[in-house]
Structure formats: C-alpha cells, structure tokens
>>> print(open('query.csv').read())   # CSV, C-alpha atoms and all ligand atoms
chain,number,residue,atom,x,y,z
B,1190,MET,CA,-13.9,0.1,20.2
B,1191,SER,CA,-10.8,1.3,18.3
B,1192,LEU,CA,-10.6,0.7,14.6
B,1193,GLU,CA,-7.7,-1.8,15.1
B,1194,VAL,CA,-9.8,-3.9,17.5
B,1195,ARG,CA,-12.9,-3.7,15.2
B,1196,LEU,CA,-10.8,-4.8,12.2
B,1197,LYS,CA,-9.3,-7.7,14.2
B,1198,SER,CA,-12.7,-8.9,15.4
B,1199,LEU,CA,-14.1,-8.6,11.8
B,1200,ILE,CA,-11.3,-10.7,10.5
B,1201,ALA,CA,-11.5,-13.2,13.4
B,1202,THR,CA,-15.2,-13.7,12.7
B,1203,ASP,CA,-15.6,-13.4,8.9
B,1204,GLY,CA,-12.1,-14.3,7.7
B,1205,PRO,CA,-9.4,-12.4,5.9
B,1206,ILE,CA,-10.5,-9.2,4.0
B,1207,PRO,CA,-9.3,-8.0,0.5
B,1208,VAL,CA,-6.7,-5.2,0.4
B,1209,SER,CA,-9.5,-3.0,-1.0
B,1210,THR,CA,-11.6,-3.4,2.0
B,1211,TRP,CA,-8.7,-2.7,4.2
B,1212,MET,CA,-8.1,0.6,2.3
B,1213,THR,CA,-11.8,1.6,2.4
B,1214,VAL,CA,-12.1,1.1,6.1
B,1215,CYS,CA,-8.7,2.7,7.0
B,1216,LEU,CA,-9.4,5.8,4.8
B,1217,HIS,CA,-13.1,6.3,5.4
B,1218,ASP,CA,-14.3,4.7,8.7
B,1219,PRO,CA,-16.5,7.5,10.1
B,1220,GLN,CA,-14.9,7.3,13.6
B,1221,GLU,CA,-11.3,6.7,12.8
B,1222,GLY,CA,-10.7,6.7,9.0
B,1223,TYR,CA,-7.7,8.7,7.9
B,1224,TYR,CA,-9.6,11.1,5.5
B,1225,ALA,CA,-12.8,11.1,7.6
B,1226,THR,CA,-11.1,12.4,10.8
B,1227,GLN,CA,-7.6,13.6,10.4
B,1228,PRO,CA,-6.5,14.2,6.9
B,1229,GLY,CA,-2.9,15.2,7.2
B,1230,LEU,CA,-2.5,17.1,4.0
B,1231,GLY,CA,0.6,19.1,4.0
B,1232,ARG,CA,2.0,17.0,6.9
B,1233,ASP,CA,1.8,13.4,5.7
B,1234,PHE,CA,2.1,14.4,2.0
B,1235,VAL,CA,2.2,17.5,-0.1
B,1236,THR,CA,0.3,17.7,-3.4
B,1237,ALA,CA,0.9,19.8,-6.5
B,1238,PRO,CA,-1.7,22.5,-5.7
B,1239,GLU,CA,-0.2,22.9,-2.2
B,1240,THR,CA,3.3,23.2,-3.7
B,1241,SER,CA,2.6,26.1,-6.1
B,1242,GLN,CA,-0.4,28.3,-6.9
B,1243,VAL,CA,0.6,28.0,-10.6
B,1244,PHE,CA,-0.7,24.4,-10.7
B,1245,GLY,CA,-4.3,25.3,-10.0
B,1246,GLU,CA,-4.1,28.5,-12.1
B,1247,LEU,CA,-3.1,26.5,-15.2
B,1248,ILE,CA,-5.9,24.0,-14.6
B,1249,GLY,CA,-8.3,26.9,-14.3
B,1250,LEU,CA,-7.2,28.1,-17.7
B,1251,TRP,CA,-7.5,24.6,-19.1
B,1252,ALA,CA,-11.1,24.4,-17.8
B,1253,ALA,CA,-11.9,27.8,-19.2
B,1254,SER,CA,-10.6,26.9,-22.6
B,1255,VAL,CA,-12.6,23.6,-22.5
B,1256,TRP,CA,-15.7,25.6,-21.6
B,1257,GLN,CA,-15.1,28.0,-24.6
B,1258,ASN,CA,-14.8,25.0,-26.9
B,1259,MET,CA,-18.1,23.6,-25.5
B,1260,GLY,CA,-19.8,26.7,-26.7
B,1261,ARG,CA,-19.8,28.5,-23.3
B,1262,PRO,CA,-22.7,26.7,-21.7
B,1263,ASP,CA,-24.4,28.8,-19.0
B,1264,PRO,CA,-24.9,27.4,-16.5
B,1265,PHE,CA,-22.5,24.4,-16.4
B,1266,ASN,CA,-21.2,22.2,-13.6
B,1267,LEU,CA,-17.7,22.7,-12.5
B,1268,VAL,CA,-16.9,19.6,-10.5
B,1269,GLU,CA,-13.9,18.7,-8.4
B,1270,LEU,CA,-13.4,15.2,-7.1
B,1271,GLY,CA,-11.5,15.0,-3.8
B,1272,PRO,CA,-10.7,18.7,-3.4
B,1273,GLY,CA,-8.6,18.3,-0.3
B,1274,ARG,CA,-8.0,21.7,1.2
B,1275,ALA,CA,-9.4,23.5,-1.8
B,1276,ALA,CA,-6.2,25.1,-3.0
B,1277,LEU,CA,-6.5,23.9,-6.6
B,1278,MET,CA,-10.1,25.2,-6.9
B,1279,GLN,CA,-9.3,28.6,-5.3
B,1280,ASP,CA,-6.3,29.1,-7.7
B,1281,ALA,CA,-8.3,27.8,-10.7
B,1282,LEU,CA,-11.3,30.1,-10.1
B,1283,ARG,CA,-9.0,33.1,-9.6
B,1284,ALA,CA,-7.1,32.5,-12.8
B,1285,ALA,CA,-10.2,31.7,-14.8
B,1286,ARG,CA,-11.6,35.2,-14.2
B,1287,ALA,CA,-9.5,36.1,-17.2
B,1288,VAL,CA,-12.1,34.4,-19.4
B,1289,PRO,CA,-15.2,36.5,-19.2
B,1290,GLY,CA,-18.4,34.6,-18.2
B,1291,PHE,CA,-16.7,31.4,-17.0
B,1292,VAL,CA,-16.9,32.0,-13.2
B,1293,ALA,CA,-20.4,33.4,-13.4
B,1294,ALA,CA,-21.6,30.4,-15.4
B,1295,ALA,CA,-20.0,27.8,-13.1
B,1296,ARG,CA,-22.1,25.8,-10.6
B,1297,LEU,CA,-19.5,24.4,-8.2
B,1298,THR,CA,-20.0,20.8,-7.0
B,1299,LEU,CA,-17.4,19.1,-4.8
B,1300,VAL,CA,-17.4,15.3,-4.5
B,1301,GLU,CA,-15.8,14.8,-1.1
B,1302,ALA,CA,-16.1,11.9,1.3
B,1303,SER,CA,-14.5,13.5,4.3
B,1304,PRO,CA,-16.6,15.7,6.6
B,1305,ALA,CA,-13.5,17.3,8.0
B,1306,LEU,CA,-12.4,18.4,4.5
B,1307,ARG,CA,-15.9,19.4,3.4
B,1308,LYS,CA,-15.8,22.0,6.3
B,1309,ILE,CA,-12.5,23.5,5.0
B,1310,GLN,CA,-13.7,23.5,1.4
B,1311,ALA,CA,-17.0,25.2,2.3
B,1312,GLU,CA,-15.1,27.9,4.1
B,1313,ARG,CA,-12.5,28.5,1.5
B,1314,LEU,CA,-14.8,28.4,-1.4
B,1315,ALA,CA,-17.7,30.2,0.3
B,1316,ASP,CA,-17.9,32.9,-2.4
B,1317,HIS,CA,-18.8,30.3,-4.9
B,1318,THR,CA,-21.4,28.5,-2.7
B,1319,PRO,CA,-20.4,24.9,-3.5
B,1320,ASN,CA,-22.7,21.9,-3.5
B,1321,PHE,CA,-21.4,18.7,-2.0
B,1322,ALA,CA,-21.9,15.3,-3.5
B,1323,GLU,CA,-21.2,11.8,-2.3
B,1324,SER,CA,-20.3,10.5,-5.7
B,1325,LEU,CA,-20.4,11.2,-9.4
B,1326,SER,CA,-24.0,9.9,-9.6
B,1327,ASP,CA,-25.1,12.8,-7.4
B,1328,VAL,CA,-23.6,15.5,-9.7
B,1329,PRO,CA,-26.5,17.5,-11.3
B,1330,ALA,CA,-27.3,16.9,-14.9
B,1331,GLY,CA,-26.1,19.3,-17.6
B,1332,PRO,CA,-22.8,20.3,-19.2
B,1333,ALA,CA,-19.9,19.5,-16.9
B,1334,ILE,CA,-16.2,19.9,-16.4
B,1335,PHE,CA,-14.5,17.5,-13.9
B,1336,ILE,CA,-11.2,18.0,-12.3
B,1337,ALA,CA,-9.4,15.5,-10.0
B,1338,ASN,CA,-5.9,15.7,-8.7
B,1339,GLU,CA,-4.6,12.9,-6.5
B,1340,PHE,CA,-8.1,11.4,-6.2
B,1341,LEU,CA,-7.8,8.2,-8.2
B,1342,ASP,CA,-4.9,6.9,-6.1
B,1343,CYS,CA,-7.2,6.8,-3.1
B,1344,LEU,CA,-9.7,4.5,-4.8
B,1345,PRO,CA,-9.2,1.1,-3.0
B,1346,ALA,CA,-7.3,-1.6,-5.0
B,1347,ARG,CA,-7.6,-5.3,-5.0
B,1348,GLN,CA,-4.3,-7.2,-5.4
B,1349,PHE,CA,-3.8,-10.5,-7.3
B,1350,VAL,CA,-0.6,-12.6,-7.1
B,1351,LYS,CA,0.4,-15.4,-9.4
B,1352,ASP,CA,1.0,-18.4,-7.1
B,1353,ARG,CA,2.1,-21.6,-8.8
B,1354,GLY,CA,0.4,-20.6,-12.0
B,1355,GLU,CA,-2.8,-19.5,-10.4
B,1356,TRP,CA,-3.9,-15.9,-9.7
B,1357,ARG,CA,-4.9,-15.5,-6.1
B,1358,GLU,CA,-6.2,-12.5,-4.2
B,1359,ARG,CA,-4.0,-10.9,-1.5
B,1360,VAL,CA,-5.9,-10.5,1.7
B,1361,VAL,CA,-5.3,-9.1,5.2
B,1362,GLY,CA,-5.7,-11.7,7.9
B,1363,LEU,CA,-4.3,-12.3,11.4
B,1364,GLY,CA,-1.0,-14.1,12.0
B,1365,PRO,CA,-0.4,-16.6,14.8
B,1366,ASP,CA,0.6,-13.7,17.0
B,1367,GLY,CA,-2.9,-12.1,16.5
B,1368,GLU,CA,-1.4,-9.2,14.4
B,1369,PHE,CA,-2.4,-8.1,10.9
B,1370,THR,CA,-0.6,-10.0,8.1
B,1371,PHE,CA,-0.9,-10.4,4.4
B,1372,GLY,CA,-2.0,-13.7,2.9
B,1373,LEU,CA,-3.5,-15.2,-0.2
B,1374,ALA,CA,-7.0,-16.3,-0.9
B,1375,VAL,CA,-8.4,-18.2,-4.0
B,1376,GLU,CA,-10.3,-15.7,-6.0
B,1377,GLU,CA,-11.1,-15.0,-9.6
B,1378,ALA,CA,-9.4,-11.8,-10.8
B,1379,PRO,CA,-11.0,-9.4,-13.4
B,1380,GLN,CA,-9.8,-10.8,-16.8
B,1381,ASP,CA,-9.3,-7.4,-18.5
B,1382,ALA,CA,-6.7,-6.4,-15.9
B,1383,LEU,CA,-4.9,-9.7,-15.8
B,1384,ALA,CA,-4.6,-9.8,-19.6
B,1385,ALA,CA,-2.7,-6.6,-19.6
B,1386,SER,CA,-0.3,-7.5,-16.8
B,1387,HIS,CA,3.2,-8.7,-17.3
B,1388,GLY,CA,4.2,-9.2,-13.7
B,1389,GLU,CA,3.5,-11.8,-11.1
B,1390,THR,CA,1.4,-9.3,-9.0
B,1391,VAL,CA,-1.3,-7.1,-10.3
B,1392,GLU,CA,-3.4,-4.4,-8.7
B,1393,VAL,CA,-6.9,-3.6,-9.8
B,1394,GLN,CA,-9.0,-0.6,-8.7
B,1395,PRO,CA,-12.7,-1.7,-9.0
B,1396,GLY,CA,-13.5,2.0,-8.8
B,1397,LEU,CA,-12.1,2.8,-12.2
B,1398,PRO,CA,-14.7,1.0,-14.3
B,1399,VAL,CA,-17.4,2.5,-12.0
B,1400,LEU,CA,-16.1,6.0,-12.5
B,1401,ILE,CA,-16.0,5.5,-16.3
B,1402,ASP,CA,-19.6,4.1,-16.3
B,1403,ARG,CA,-20.8,7.1,-14.3
B,1404,LEU,CA,-19.1,9.5,-16.8
B,1405,ALA,CA,-20.3,7.6,-19.9
B,1406,GLU,CA,-23.9,7.7,-18.8
B,1407,ARG,CA,-23.9,11.5,-18.6
B,1408,GLU,CA,-25.2,13.6,-21.5
B,1409,ALA,CA,-22.8,15.5,-23.6
B,1410,PRO,CA,-21.0,17.8,-23.4
B,1411,PHE,CA,-18.6,17.0,-20.6
B,1412,ALA,CA,-14.8,16.7,-20.1
B,1413,ALA,CA,-12.8,15.3,-17.2
B,1414,LEU,CA,-9.1,15.8,-16.3
B,1415,PHE,CA,-7.4,13.3,-14.0
B,1416,ILE,CA,-3.9,13.9,-12.6
B,1417,ASP,CA,-2.2,11.3,-10.5
B,1418,TYR,CA,0.8,9.0,-10.2
B,1419,GLY,CA,1.1,5.7,-12.0
B,1420,PRO,CA,2.5,4.1,-15.1
B,1421,ALA,CA,1.2,5.2,-18.6
B,1422,ASP,CA,0.8,1.7,-20.0
B,1423,ASP,CA,2.0,-1.2,-17.8
B,1424,ALA,CA,-0.4,-2.5,-15.1
B,1425,PRO,CA,0.8,-1.6,-11.5
B,1426,GLY,CA,2.2,-4.5,-9.4
B,1427,ASP,CA,2.2,-4.2,-5.6
B,1428,THR,CA,2.2,-0.4,-5.1
B,1429,LEU,CA,0.2,-0.1,-1.9
B,1430,ARG,CA,2.0,2.4,0.3
B,1431,ALA,CA,1.3,4.1,3.6
B,1432,TYR,CA,2.5,7.6,4.7
B,1433,ARG,CA,2.6,9.1,8.1
B,1434,GLU,CA,4.3,12.5,8.8
B,1435,GLY,CA,6.2,12.4,5.5
B,1436,GLU,CA,7.6,8.9,6.3
B,1437,GLN,CA,6.7,5.7,4.4
B,1438,VAL,CA,5.4,3.1,6.9
B,1439,SER,CA,3.9,-0.4,6.7
B,1440,PRO,CA,0.3,-0.3,5.2
B,1441,LEU,CA,-0.8,-2.6,8.0
B,1442,SER,CA,0.5,-0.3,10.8
B,1443,ALA,CA,-1.8,2.0,12.7
B,1444,PRO,CA,-5.0,1.6,10.7
B,1445,GLY,CA,-6.7,5.0,10.2
B,1446,SER,CA,-3.6,7.0,11.1
B,1447,CYS,CA,-1.8,6.9,7.8
B,1448,ASP,CA,-2.6,7.8,4.2
B,1449,LEU,CA,-2.9,4.7,2.0
B,1450,THR,CA,-2.3,5.0,-1.7
B,1451,VAL,CA,-1.7,3.0,-4.9
B,1452,ASP,CA,-0.5,3.8,-8.4
B,1453,VAL,CA,-3.2,4.5,-10.9
B,1454,ASP,CA,-3.3,2.2,-14.0
B,1455,PHE,CA,-3.6,4.9,-16.6
B,1456,GLY,CA,-3.5,2.3,-19.5
B,1457,ARG,CA,-6.5,0.5,-18.1
B,1458,LEU,CA,-8.3,3.8,-17.5
B,1459,ALA,CA,-7.8,4.8,-21.1
B,1460,ARG,CA,-8.9,1.4,-22.4
B,1461,LEU,CA,-12.1,1.5,-20.2
B,1462,ALA,CA,-12.8,5.0,-21.4
B,1463,ARG,CA,-12.4,4.1,-25.1
B,1464,ALA,CA,-14.5,1.0,-24.7
B,1465,ALA,CA,-17.3,3.3,-23.2
B,1466,GLY,CA,-17.1,5.6,-26.3
B,1467,LEU,CA,-15.4,8.5,-24.6
B,1468,GLY,CA,-12.7,10.6,-26.2
B,1469,VAL,CA,-9.3,10.1,-24.6
B,1470,THR,CA,-6.3,12.4,-24.7
B,1471,GLY,CA,-3.1,11.2,-23.0
B,1472,PRO,CA,-1.9,10.0,-20.7
B,1473,VAL,CA,1.0,12.5,-20.9
B,1474,THR,CA,3.4,13.4,-18.2
B,1475,GLN,CA,2.6,16.3,-15.8
B,1476,ARG,CA,5.7,17.9,-17.1
B,1477,ALA,CA,4.5,17.9,-20.7
B,1478,PHE,CA,0.9,18.9,-19.7
B,1479,LEU,CA,2.1,21.9,-17.7
B,1480,ALA,CA,4.5,23.0,-20.4
B,1481,SER,CA,1.8,22.9,-23.0
B,1482,LEU,CA,-0.4,25.2,-20.7
B,1483,GLY,CA,2.5,27.7,-20.4
B,1484,ILE,CA,3.9,27.1,-17.0
B,1485,GLU,CA,7.1,29.0,-17.9
B,1486,ALA,CA,5.3,32.2,-18.8
B,1487,ARG,CA,2.9,31.9,-15.8
B,1488,MET,CA,5.9,31.5,-13.5
B,1489,GLN,CA,7.7,34.5,-15.0
B,1490,ALA,CA,4.6,36.7,-14.6
B,1491,LEU,CA,4.3,35.6,-10.9
B,1492,ILE,CA,8.0,36.3,-10.3
B,1493,ALA,CA,7.7,39.7,-11.9
B,1494,ALA,CA,4.8,40.6,-9.6
B,1495,ASN,CA,6.6,39.2,-6.5
B,1496,PRO,CA,10.3,39.7,-7.1
B,1497,ASP,CA,11.1,39.1,-3.4
B,1498,ASP,CA,9.8,35.6,-3.7
B,1499,ALA,CA,11.5,34.8,-7.0
B,1500,GLU,CA,13.5,31.9,-5.7
B,1501,ALA,CA,10.7,30.2,-3.8
B,1502,ILE,CA,8.4,30.5,-6.8
B,1503,HIS,CA,11.0,29.1,-9.1
B,1504,THR,CA,11.8,26.2,-6.8
B,1505,ALA,CA,8.1,25.2,-6.3
B,1506,CYS,CA,7.4,25.3,-10.1
B,1507,LEU,CA,10.5,23.3,-10.8
B,1508,LYS,CA,9.2,20.6,-8.4
B,1509,LEU,CA,6.1,20.2,-10.5
B,1510,VAL,CA,7.9,19.6,-13.7
B,1511,ASP,CA,11.3,18.1,-12.7
B,1512,PRO,CA,11.6,14.5,-13.9
B,1513,GLY,CA,13.2,13.6,-10.6
B,1514,GLU,CA,10.3,15.1,-8.6
B,1515,MET,CA,6.7,15.2,-9.9
B,1516,GLY,CA,7.3,15.8,-13.6
B,1517,GLU,CA,7.3,12.3,-14.9
B,1518,ARG,CA,5.8,10.1,-12.2
B,1519,PHE,CA,2.6,12.1,-12.4
B,1520,LYS,CA,0.4,11.6,-15.5
B,1521,VAL,CA,-2.5,13.5,-16.9
B,1522,ILE,CA,-5.4,12.1,-18.9
B,1523,ALA,CA,-8.3,14.0,-20.3
B,1524,LEU,CA,-11.6,12.3,-21.1
B,1525,ALA,CA,-14.5,13.8,-23.1
B,1526,SER,CA,-18.0,13.0,-24.3
B,1527,SER,CA,-17.9,12.0,-27.9
B,1528,ARG,CA,-19.6,14.5,-30.1
S,1601,LIG,N1,-7.0,17.1,-4.6
S,1601,LIG,C1,-6.4,17.5,-3.4
S,1601,LIG,C2,-6.4,16.5,-2.3
S,1601,LIG,C3,-5.9,15.1,-2.6
S,1601,LIG,S1,-6.1,14.0,-1.3
S,1601,LIG,C4,-5.0,18.0,-3.6
S,1601,LIG,O1,-4.5,17.8,-4.7
S,1601,LIG,O2,-4.4,18.6,-2.7
S,1601,LIG,C5,-7.5,13.0,-1.8
S,1601,LIG,C6,-8.8,13.7,-1.6
S,1601,LIG,O3,-9.8,12.8,-2.1
S,1601,LIG,C7,-9.2,14.1,-0.2
S,1601,LIG,O4,-10.0,15.2,-0.3
S,1601,LIG,C8,-10.1,12.9,0.2
S,1601,LIG,O5,-10.9,13.1,1.3
S,1601,LIG,C9,-10.9,12.6,-1.1
S,1601,LIG,N2,-11.4,11.3,-1.3
S,1601,LIG,C10,-10.7,10.1,-1.2
S,1601,LIG,N3,-11.5,9.1,-1.5
S,1601,LIG,C11,-12.7,9.6,-1.8
S,1601,LIG,C12,-14.0,9.0,-2.3
S,1601,LIG,N4,-14.1,7.7,-2.4
S,1601,LIG,N5,-15.0,9.9,-2.5
S,1601,LIG,C13,-14.9,11.2,-2.4
S,1601,LIG,N6,-13.7,11.8,-2.0
S,1601,LIG,C14,-12.7,11.0,-1.7
>>> encode(input="query.csv", output="structure tokens", more="lines below")
Ligand code: SAH
Amino acid sequence: MSLEVRLKSLIATDGPIPVSTWMTVCLHDPQEGYYATQPGLGRDFVTAPETSQVFGELIGLWAASVWQNMGRPDPFNLVELGPGRAALMQDALRAARAVPGFVAAARLTLVEASPALRKIQAERLADHTPNFAESLSDVPAGPAIFIANEFLDCLPARQFVKDRGEWRERVVGLGPDGEFTFGLAVEEAPQDALAASHGETVEVQPGLPVLIDRLAEREAPFAALFIDYGPADDAPGDTLRAYREGEQVSPLSAPGSCDLTVDVDFGRLARLARAAGLGVTGPVTQRAFLASLGIEARMQALIAANPDDAEAIHTACLKLVDPGEMGERFKVIALASSR
C-alpha cells in the first residue's frame, strides 16, 4: 500500500494527526519516507557544505580548537548529526589534520536515520571507520564534540494556532473530497513555547528539549555546534515548507516525495540549554560565525592553490555569507558542558 493510501486510512480510522506526525512519517517511513528512500540532496535543496568545501574546513578547524581547549582528550567522540552526503565531515577531517593528534584521537560517530544516506557516509568516510547511532542516547560515553548542519530543521514540529482566544493544535485530516487538508484540534500547547510567542500561530519542535536533555545528561567535557535557519529570538509561526526539485510545493502534496522542513526556534533552544545548565554561545549569524573563523583568508588560500577556479570559489563562498543568501537566515549556536 502506498504511503498516501496508508496515511489516508490511518486518518480515516484514528482521526486527524498532528503536523509533527505528518512530518515524521513523510520523512522517515521505512518504505517511502523522503530521507529513508530517496534523499534528494543537491537536487531538492543544496546545503552549505555542498556549496563550498570551505564551510566544512572551517568547522573542522573550530572542532580542533575546541578539542585543544578541552585538553586534547584522546580518544574523544567526534559526532555528526544528520551528515547527509558526508561532505562536511570529509572537509572537516581534511582541514583538521593541521592540528596534530586531532584526527588520530577522533572516534567518529554518525547519527543518521536514513539507510540510504548511511551507505554513502560509510563509503565516503571509510578511512575513519565511522560508527552509526540511531540517536544521541547511543553515542558512546566520554569527551565529545557534536556537529549538526541542517539537522534541527528536520525535527518534526507541532503547530498551534490561536483561534478565538484559545490555542488549538493544527492537524492533518481529510476533507469532504477525501484529500489531505489542514484543520484544528483542541489541544494543550507547551506553555514555555506559547509564553515566548507574539504571533497567532506558533510552532514547537518537541525534539529540541529531548536533544538538550540528552546532551545535559552527558559527562563533561562536551561541546555542540548547531547550524540551521530560523529566527534568533522570536518564536517561528507557520514555517512548514516542502521542497521538490528546487521548487517549493504544498507540504500535503506527494507524501514522501518532498523534503519537509521548519525554521528552528534558536531562542527556545538557548533558553532550554541554559535551564539545563549548559554554556551557550550565540546564536550568531552564519556570516559572523564564518568571518570569525577566517573564511576570507581560507578562500584566498584556496584561490591561490586553484587559480583557474577563482571565480567559482569566490561565488560559492559569497553565497555562504551574503545577507541575501545564507549569511543571515542561517544561525549558529554553540553549547557546552559547564565546567
Ligand atoms: N548535514 C547535511 C545534510 C542535511 S539534510 C548537509 O548539511 O548537507 C538532514 C540530514 O539529517 C539527513 O542526513 C537526514 O537523513 C538526517 N536526519 C533527519 N532527521 C533525522 C533524525 N531524526 N535522526 C537522524 N538523522 C536524521
């Protein structure tokens, strides 16, 4: 039975489902989920590490400098959440060779839900014999550095809408024509998220507090870097979007065939992390973050080594920092164990 038919029968039997359930099933259904079966990275959307090698290289240097500040633990866990096609980690490990001992001390763990992407990651990172983990809870104990680019935006979101003074949960049901349609259910929303919202619609990713809890229960030292799109302080309203072959399409169209994504509530992530006793740096814009790591010098060095590609290298790097492209929409937050 196709995913569409299964979803329709689920809703017809059990009633409308939260937007978060819709996202989970469409992204991760083992037979037809978008990431599980046909992740169209580079086709449906292009990420920063797929845009320029400089992105992963700078993150590798960030990780190496964090490792030095931790006192060079050997071994330590180098963990990436949602590594996609592994470009970031390949570039990071290559650049971090500049810091003696880092690569040899790193035990690589990849937290990846998609069997299709795990296969690509295992091939591309074969020299570093990665372990795979289902979730943060499965990451081995010990010092750890976590990296996640465009991972948080895939965590399913619940949406709440203020309807005549009452917050109600947006759900996916079936219309009179039997097709998927959005509706509202009566449902209590998490108070911490509602308190911070100014709008009439608020989105809440239940995975954020889970992630922070998993981090906070680890023993020090650890540090985690999250890069994604979303507002620095305001709570996101309705940001659920679907992409297919570079085009934005309806989130209810073609379940399993498009990437579904939401903005990340960085303000809430920072509040949750502080409340859990973690150190929080940022969020800052991707532009500011990459500038502080020396993107300009790194780009010039790459151009000097590859003069024939100067224009392409420059264009790609500009895309990462240009305010009209990824520079300001993307934010970076670093979390750390308190000492
Ligand atoms: N970081 C990569 C890929 C981003 S796409 C890049 O920047 O190019 C999102 C990645 O997160 C994919 O690898 C996807 O399979 C993975 N992913 C999404 N939800 C996940 C979950 N709940 N657990 C583990 N991996 C997940």
>>> closest_residue(input="query.csv", among="B:Ala1499, B:Ala1480, B:Leu1397, B:Ala1293", to="ligand LIG 1601 (chain S)", atoms="all atoms listed in the file")
B:Leu1397
>>> residues_near_ligand(input="query.csv", ligand="ligand LIG 1601 (chain S)", cutoff="7 Å", atoms="all atoms listed in the file", output="PyMOL selection string")
chain B and resi 1224-1225+1236-1239+1270-1277+1300-1303+1306+1323-1324+1337-1340+1343-1344
>>> atom_distance(input="query.csv", atom1="CA of Thr1226 (chain B)", atom2="CA of Gly1445 (chain B)")
8.6 Å
>>> residues_near_point(input="query.csv", point="(-10.4, -0.3, 18.7)", cutoff="12 Å", atoms="all atoms listed in the file", output="ChimeraX atom specification")
/B:1190-1199,1218,1220-1222,1443-1445
>>> atom_distance(input="query.csv", atom1="CA of Leu1467 (chain B)", atom2="CA of Arg1518 (chain B)")
24.6 Å
>>> build_atoms(input="query.csv", residues="region 1305-1319 of chain B", atoms="N, CA, C and O atoms", output="compact mmCIF listing (two decimals), in the coordinates of the input")
# COMPACT_ATOMS: atom_id res chain seq x y z
N ALA B 1305 -14.48 16.33 7.54
CA ALA B 1305 -13.50 17.30 8.00
C ALA B 1305 -13.02 18.18 6.83
O ALA B 1305 -12.90 19.41 6.97
N LEU B 1306 -12.80 17.57 5.67
CA LEU B 1306 -12.40 18.40 4.50
C LEU B 1306 -13.49 19.18 3.91
O LEU B 1306 -13.27 20.28 3.42
N ARG B 1307 -14.72 18.65 3.95
CA ARG B 1307 -15.90 19.40 3.40
C ARG B 1307 -15.97 20.77 4.16
O ARG B 1307 -16.29 21.78 3.55
N LYS B 1308 -15.69 20.74 5.45
CA LYS B 1308 -15.80 22.00 6.30
C LYS B 1308 -14.80 23.00 5.75
O LYS B 1308 -15.13 24.16 5.54
N ILE B 1309 -13.55 22.56 5.54
CA ILE B 1309 -12.50 23.50 5.00
C ILE B 1309 -12.88 23.99 3.66
O ILE B 1309 -12.77 25.19 3.36
N GLN B 1310 -13.35 23.09 2.80
CA GLN B 1310 -13.70 23.50 1.40
C GLN B 1310 -14.85 24.49 1.42
O GLN B 1310 -14.83 25.47 0.66
N ALA B 1311 -15.85 24.26 2.28
CA ALA B 1311 -17.00 25.20 2.30
C ALA B 1311 -16.56 26.57 2.75
O ALA B 1311 -17.04 27.57 2.21
N GLU B 1312 -15.61 26.64 3.68
CA GLU B 1312 -15.10 27.90 4.10
C GLU B 1312 -14.31 28.63 3.03
O GLU B 1312 -14.54 29.78 2.70
N ARG B 1313 -13.38 27.88 2.46
CA ARG B 1313 -12.50 28.50 1.50
C ARG B 1313 -13.12 28.88 0.18
O ARG B 1313 -12.63 29.73 -0.54
N LEU B 1314 -14.19 28.17 -0.16
CA LEU B 1314 -14.80 28.40 -1.40
C LEU B 1314 -16.22 29.07 -1.23
O LEU B 1314 -17.09 29.01 -2.11
N ALA B 1315 -16.41 29.70 -0.07
CA ALA B 1315 -17.70 30.20 0.30
C ALA B 1315 -18.27 31.20 -0.76
O ALA B 1315 -19.47 31.22 -1.03
N ASP B 1316 -17.40 31.97 -1.40
CA ASP B 1316 -17.90 32.90 -2.40
C ASP B 1316 -18.54 32.25 -3.58
O ASP B 1316 -19.27 32.88 -4.34
N HIS B 1317 -18.27 30.96 -3.75
CA HIS B 1317 -18.80 30.30 -4.90
C HIS B 1317 -19.91 29.27 -4.52
O HIS B 1317 -20.32 28.44 -5.33
N THR B 1318 -20.36 29.35 -3.26
CA THR B 1318 -21.40 28.50 -2.70
C THR B 1318 -21.45 27.07 -3.30
O THR B 1318 -22.32 26.74 -4.09
N PRO B 1319 -20.45 26.27 -2.92
CA PRO B 1319 -20.40 24.90 -3.50
C PRO B 1319 -21.48 23.99 -3.01
O PRO B 1319 -21.94 24.10 -1.88
